[in-house]
Structures are given as structure tokens and as C-alpha cells.
$ cat upload01.txt   # compact mmCIF, C-alpha atoms and all ligand atoms
# COMPACT_ATOMS: atom_id res chain seq x y z
CA MET A 1 128.30 225.50 22.40
CA GLN A 2 128.29 223.93 25.84
CA ARG A 3 126.35 221.10 27.43
CA LEU A 4 125.55 221.01 31.13
CA SER A 5 123.86 218.50 33.41
CA ARG A 6 122.78 219.75 36.80
CA THR A 7 120.55 218.55 39.58
CA ILE A 8 119.00 221.39 41.51
CA ASP A 9 116.60 221.68 44.45
CA ALA A 10 113.13 222.62 43.28
CA PRO A 11 112.25 226.23 44.09
CA LYS A 12 109.06 227.03 46.01
CA ASP A 13 105.74 226.70 44.15
CA LEU A 14 107.09 224.84 41.14
CA GLY A 15 103.80 223.77 39.63
CA ILE A 16 100.11 224.56 39.69
CA GLN A 17 99.23 225.74 43.16
CA GLY A 18 96.72 223.57 44.97
CA VAL A 19 96.59 221.05 42.11
CA ILE A 20 99.96 219.48 41.42
CA ALA A 21 103.53 220.68 42.02
CA VAL A 22 107.11 219.58 42.51
CA PRO A 23 107.69 219.73 46.29
CA GLU A 24 110.13 222.44 47.36
CA GLY A 25 113.64 221.03 47.63
CA ALA A 26 112.88 217.92 45.55
CA PRO A 27 115.55 217.14 42.94
CA VAL A 28 115.08 218.59 39.46
CA GLU A 29 117.38 217.15 36.82
CA LEU A 30 118.40 219.66 34.19
CA GLU A 31 119.99 218.92 30.84
CA LEU A 32 121.09 222.17 29.23
CA ARG A 33 122.61 223.19 25.96
CA LEU A 34 124.07 226.69 25.83
CA GLU A 35 124.73 228.20 22.44
CA SER A 36 126.55 231.44 21.92
CA VAL A 37 124.79 233.49 19.28
CA MET A 38 125.15 237.08 18.08
CA GLU A 39 122.89 238.78 20.62
CA GLY A 40 123.42 236.49 23.60
CA VAL A 41 123.08 232.89 24.72
CA LEU A 42 120.39 230.51 23.51
CA VAL A 43 119.49 228.04 26.25
CA THR A 44 117.75 224.81 25.28
CA GLY A 45 116.95 222.24 27.92
CA THR A 46 114.91 219.58 29.59
CA ALA A 47 113.83 219.41 33.22
CA ARG A 48 112.83 216.18 34.90
CA ALA A 49 111.21 215.99 38.32
CA SER A 50 108.51 214.20 40.25
CA ALA A 51 105.42 216.24 41.05
CA LYS A 52 102.91 215.41 43.74
CA GLY A 53 99.23 216.14 43.70
CA GLU A 54 95.90 214.46 44.15
CA CYS A 55 93.44 212.89 41.74
CA VAL A 56 90.69 215.35 40.83
CA ARG A 57 88.16 212.51 40.75
CA CYS A 58 88.93 210.42 43.83
CA LEU A 59 91.34 212.66 45.79
CA GLU A 60 93.96 209.90 46.10
CA PRO A 61 97.52 211.25 46.34
CA LEU A 62 99.47 210.76 43.11
CA ASP A 63 102.94 211.18 41.67
CA HIS A 64 103.49 212.55 38.20
CA GLU A 65 106.83 212.45 36.39
CA VAL A 66 107.39 215.80 34.72
CA ASP A 67 109.44 216.02 31.57
CA ALA A 68 109.51 219.63 30.48
CA ASP A 69 111.33 221.05 27.47
CA PHE A 70 112.20 224.71 27.13
CA GLN A 71 114.18 227.07 24.98
CA GLU A 72 114.97 230.65 25.84
CA MET A 73 117.14 233.42 24.50
CA PHE A 74 119.16 235.39 27.05
CA SER A 75 120.40 238.61 25.48
CA TYR A 76 123.46 240.61 26.36
CA PRO A 77 122.27 243.58 28.46
CA ASP A 78 123.68 246.04 26.00
CA ALA A 79 124.93 244.62 22.78
CA ASP A 80 126.61 247.96 21.96
CA ASP A 81 129.15 247.37 24.72
CA ARG A 82 130.44 244.48 22.76
CA GLY A 83 130.63 246.39 19.59
CA ARG A 84 127.56 244.68 18.15
CA VAL A 85 124.46 246.32 16.81
CA LYS A 86 121.40 245.92 19.06
CA ALA A 87 119.36 243.13 17.64
CA GLU A 88 115.88 244.41 18.48
CA PRO A 89 114.29 247.11 16.35
CA ALA A 90 113.61 250.36 18.27
CA ASP A 91 109.82 250.20 17.73
CA ASP A 92 109.52 246.76 19.28
CA ALA A 93 109.16 248.00 22.87
CA GLU A 94 106.50 245.45 23.93
CA GLU A 95 108.55 242.45 23.04
CA ASP A 96 111.47 244.12 24.74
CA GLU A 97 109.78 243.79 28.14
CA ASP A 98 109.55 240.02 27.78
CA ARG A 99 113.18 239.70 26.91
CA LEU A 100 115.50 237.98 29.33
CA TYR A 101 119.00 239.27 29.80
CA LEU A 102 122.34 237.96 30.92
CA GLU A 103 123.55 239.68 34.06
CA ASP A 104 127.28 239.60 34.76
CA GLY A 105 127.56 236.54 32.57
CA LEU A 106 124.77 234.70 34.43
CA PHE A 107 121.22 233.90 33.45
CA ASP A 108 118.27 233.27 35.75
CA LEU A 109 116.63 230.07 34.61
CA GLU A 110 113.95 229.98 37.33
CA PRO A 111 111.12 231.80 35.47
CA VAL A 112 111.81 229.71 32.37
CA LEU A 113 111.82 226.49 34.39
CA ARG A 114 108.62 227.51 36.17
CA ASP A 115 106.73 228.20 32.92
CA ALA A 116 107.94 224.97 31.32
CA VAL A 117 106.99 222.80 34.31
CA VAL A 118 103.54 224.40 34.66
CA LEU A 119 102.88 223.76 30.95
CA ALA A 120 104.03 220.14 31.26
CA LEU A 121 101.77 219.38 34.22
CA PRO A 122 98.18 218.18 33.84
CA MET A 123 95.54 220.73 34.87
CA GLN A 124 93.26 217.85 35.90
CA PRO A 125 95.54 215.12 37.24
CA VAL A 126 94.01 211.66 37.64
CA CYS A 127 95.39 208.64 39.53
CA GLN A 128 94.58 206.46 36.51
CA GLU A 129 92.96 207.32 33.20
CA ASP A 130 89.82 205.32 33.97
CA CYS A 131 89.46 206.50 37.57
CA GLU A 132 85.75 206.37 38.32
CA GLY A 133 85.96 208.81 41.21
CA LEU A 134 83.91 208.58 44.37
CA CYS A 135 80.41 207.25 44.96
CA SER A 136 78.10 210.26 45.04
CA GLU A 137 76.05 208.66 47.83
CA CYS A 138 78.59 207.29 50.28
CA GLY A 139 81.97 208.62 49.09
CA VAL A 140 83.58 205.21 48.60
CA ARG A 141 86.37 205.11 45.96
CA LEU A 142 84.73 203.25 43.07
CA SER A 143 88.00 201.83 41.66
CA ASP A 144 88.51 200.03 44.99
CA GLU A 145 85.07 198.41 44.86
CA PRO A 146 84.11 197.22 41.38
CA GLY A 147 80.35 196.87 41.05
CA HIS A 148 79.64 199.12 44.02
CA HIS A 149 76.10 200.46 43.91
CA HIS A 150 73.17 201.39 46.08
CA ASP A 151 69.62 200.15 45.56
CA ALA A 152 68.32 203.50 44.51
CA VAL A 153 65.04 204.49 46.07
CA ASP A 154 63.14 206.90 43.85
CA ILE A 155 61.73 209.70 45.96
CA ARG A 156 58.29 209.13 44.33
CA TRP A 157 58.24 205.58 45.69
CA ALA A 158 59.51 206.48 49.15
CA ALA A 159 55.99 207.13 50.51
CA LEU A 160 54.69 203.83 49.05
CA GLN A 161 57.60 202.00 50.62
CA GLY A 162 56.54 203.35 54.01
CA LEU A 163 53.00 202.10 53.29
CA ALA A 164 54.31 198.65 52.34
CA GLY A 165 56.08 198.53 55.68
CA THR A 166 52.80 199.24 57.52
CA ILE A 167 50.95 196.52 55.63
CA GLN A 168 53.68 194.00 56.45
CA ASP A 169 53.48 194.92 60.13
CA GLY A 170 49.68 194.51 59.98
CA GLU A 171 50.03 191.06 58.44
CA LYS A 172 52.45 190.05 61.15
CA ASP A 173 49.96 191.19 63.81
CA GLU A 174 47.18 189.10 62.25
CA MET A 175 49.47 186.09 62.01
CA SER A 176 50.53 186.35 65.63
CA GLY A 177 46.89 186.73 66.52
CA ALA A 178 46.07 183.54 64.64
CA GLU A 179 48.90 181.74 66.36
CA ALA A 180 47.65 183.00 69.66
CA GLY A 181 44.21 181.59 68.74
CA VAL A 182 45.77 178.22 68.05
CA ASP A 183 47.52 178.35 71.36
CA GLU A 184 44.25 179.14 73.09
CA LYS A 185 42.53 176.11 71.48
CA GLN A 186 45.39 173.87 72.51
CA GLU A 187 45.10 175.15 76.06
CA LYS A 188 41.40 174.24 76.12
ZN ZN B 1 91.46 208.76 41.06
ZN ZN B 2 78.26 204.23 47.63

$ encode --input "upload01.txt" --output "C-alpha cells"
Amino acid sequence: MQRLSRTIDAPKDLGIQGVIAVPEGAPVELELRLESVMEGVLVTGTARASAKGECVRCLEPLDHEVDADFQEMFSYPDADDRGRVKAEPADDAEEDEDRLYLEDGLFDLEPVLRDAVVLALPMQPVCQEDCEGLCSECGVRLSDEPGHHHDAVDIRWAALQGLAGTIQDGEKDEMSGAEAGVDEKQEK
């Protein structure tokens, strides 16, 4: 059994494309435990990294700390070479395709890391749990402006509101007329 700590540069597209991902080249901290077992090496580990995305409700940029656990078996390419009996039964061809193998004593952790990080990331990231999103009328971010609202005008009242405006204008005309009358009297 062997323990390893490594910091690697994030590979391209480590995350959910267009939603949230660890930027390429950003540090990914790996804690690994390698166990030698009969048919290969069992790799258990944790990956920590900072992913960047945007809130699905208000579109604000956000950071999300990823903490992804994984465990994967890497088999010897041909157990017979080592004088061991092949572990997998012959009729288990489908599972065989998903198997990962050691190559020249190395294992490729990238697909395992990718799957683990994608699973650990939120499909619908939010900047804060109670993010209220954007105002559907003017697009303002509601969390920035508590109590933000518009005086909603019901479309059925819109025509009446126009009428009210006309009446008010009419009243103003009459009033100015009356004032004018007063002025005239004063002039006399
Ligand atoms: Zn938000
Ligand atoms: Zn608004």
C-alpha cells in the first residue's frame, strides 16, 4: 500500500461544459492511496479544486470548491503473464470493456478524475441558495435590490389608464380656462 499527494494542472474540460468547470491549468490537489491486490492496483482518492461557473438564476460568476472522491481498479493487462489466473470470467465481455488497465506499470487517472469531478459538481449552480434571480421586467439582480418591484399595470386596465389621462388633461384645460377668466375680470 502506498499513499501519494500530488498537485496537478487541471486538464481541458474538467467539468460540465458551459455550466461549471475547473479552468484548464488550475491546480487540482490529489490524495491517492494505491493498494496492490491480486488482479492489479486499487486506486482510492480525493481530488480538490476550484471550479468556476455562473449562477443559473442571476448569471453572476461564481466559484465552487470541488471535493470529489473516487475509487477505481486498474487491472494488470494480462494477469497470466504474472502467473495469476485471469480474474474476470470469460462470459463477462461487457464489463471487460469498462475495465481500466495498467500500462507499463502506469495508470491513466484522467478519465476517473473527470467522472468524479463531473459527479461532484452541481448541475444547477447558484451564487447563493436563496438567490432570487433577475427581475423578469427589467433584468435587475433581485438580491442586490431587496424589495425591488414594478407597479404592475394589468393589460385590461391599460386602456382605462389612457382614458384617465385624457380626463385629467381636460380638467387642466378647464382650470386654465377659469384662471384665464379670472385674469380677464381683473384686467377689466
Ligand atoms: Zn445568483
Ligand atoms: Zn425590475

$ residues_near_ligand --input "upload01.txt" --ligand "ligand ZN 2 (chain B)" --cutoff "7 Å" --atoms "only C-alpha atoms and all ligand atoms" --output "ChimeraX atom specification"
/A:135-140,148-150

$ closest_atom_pairs --input "upload01.txt" --of "chain A" --to "ligand ZN 1 (chain B)" --cutoff "8 Å" --atoms "all atoms listed in the file" --output "tab-separated table"
residue	atom	partner	partner_atom	distance
A:Glu54	CA	B:ZN1	ZN	7.9
A:Cys55	CA	B:ZN1	ZN	4.6
A:Val56	CA	B:ZN1	ZN	6.6
A:Arg57	CA	B:ZN1	ZN	5.0
A:Cys58	CA	B:ZN1	ZN	4.1
A:Leu59	CA	B:ZN1	ZN	6.1
A:Glu60	CA	B:ZN1	ZN	5.7
A:Val126	CA	B:ZN1	ZN	5.2
A:Cys127	CA	B:ZN1	ZN	4.2
A:Gln128	CA	B:ZN1	ZN	6.0
A:Cys131	CA	B:ZN1	ZN	4.6
A:Glu132	CA	B:ZN1	ZN	6.8
A:Gly133	CA	B:ZN1	ZN	5.5
A:Arg141	CA	B:ZN1	ZN	8.0
A:Ser143	CA	B:ZN1	ZN	7.8

$ closest_residue --input "upload01.txt" --among "A:Met73, A:Leu42, A:Ala26, A:Val37" --to "Asp9 of chain A" --atoms "only C-alpha atoms"
A:Ala26

$ residues_around --input "upload01.txt" --residues "Glu65 of chain A" --least-positions-apart "5" --cutoff "9 Å" --atoms "only C-alpha atoms" --output "NGL selection string"
:A and (48-52 or 121)

$ closest_residue --input "upload01.txt" --among "A:Glu35, A:Asp108, A:Asp13, A:Asp151" --to "Met1 of chain A" --atoms "all atoms listed in the file"
A:Glu35

$ atom_distance --input "upload01.txt" --atom1 "atom CA of Phe74 of chain A" --atom2 "atom CA of Ala120 of chain A"
21.9 Å

$ atom_distance --input "upload01.txt" --atom1 "atom CA of Ala10 of chain A" --atom2 "atom CA of Val117 of chain A"
10.9 Å

$ closest_residue --input "upload01.txt" --among "A:Leu4, A:Ala47, A:Pro11, A:Leu32" --to "Val66 of chain A" --atoms "only C-alpha atoms"
A:Ala47

$ atom_distance --input "upload01.txt" --atom1 "atom CA of Gln124 of chain A" --atom2 "atom CA of Leu62 of chain A"
11.9 Å

$ closest_residue --input "upload01.txt" --among "A:Pro122, A:Pro146, A:Pro77, A:Pro111" --to "Leu14 of chain A" --atoms "all atoms listed in the file"
A:Pro111

$ closest_residue --input "upload01.txt" --among "A:Glu39, A:Glu145, A:Glu103, A:Asp63" --to "Ala21 of chain A" --atoms "only C-alpha atoms"
A:Asp63

$ closest_residue --input "upload01.txt" --among "A:Met38, A:Ile20, A:Ile8, A:Val112" --to "Leu100 of chain A" --atoms "only C-alpha atoms"
A:Val112
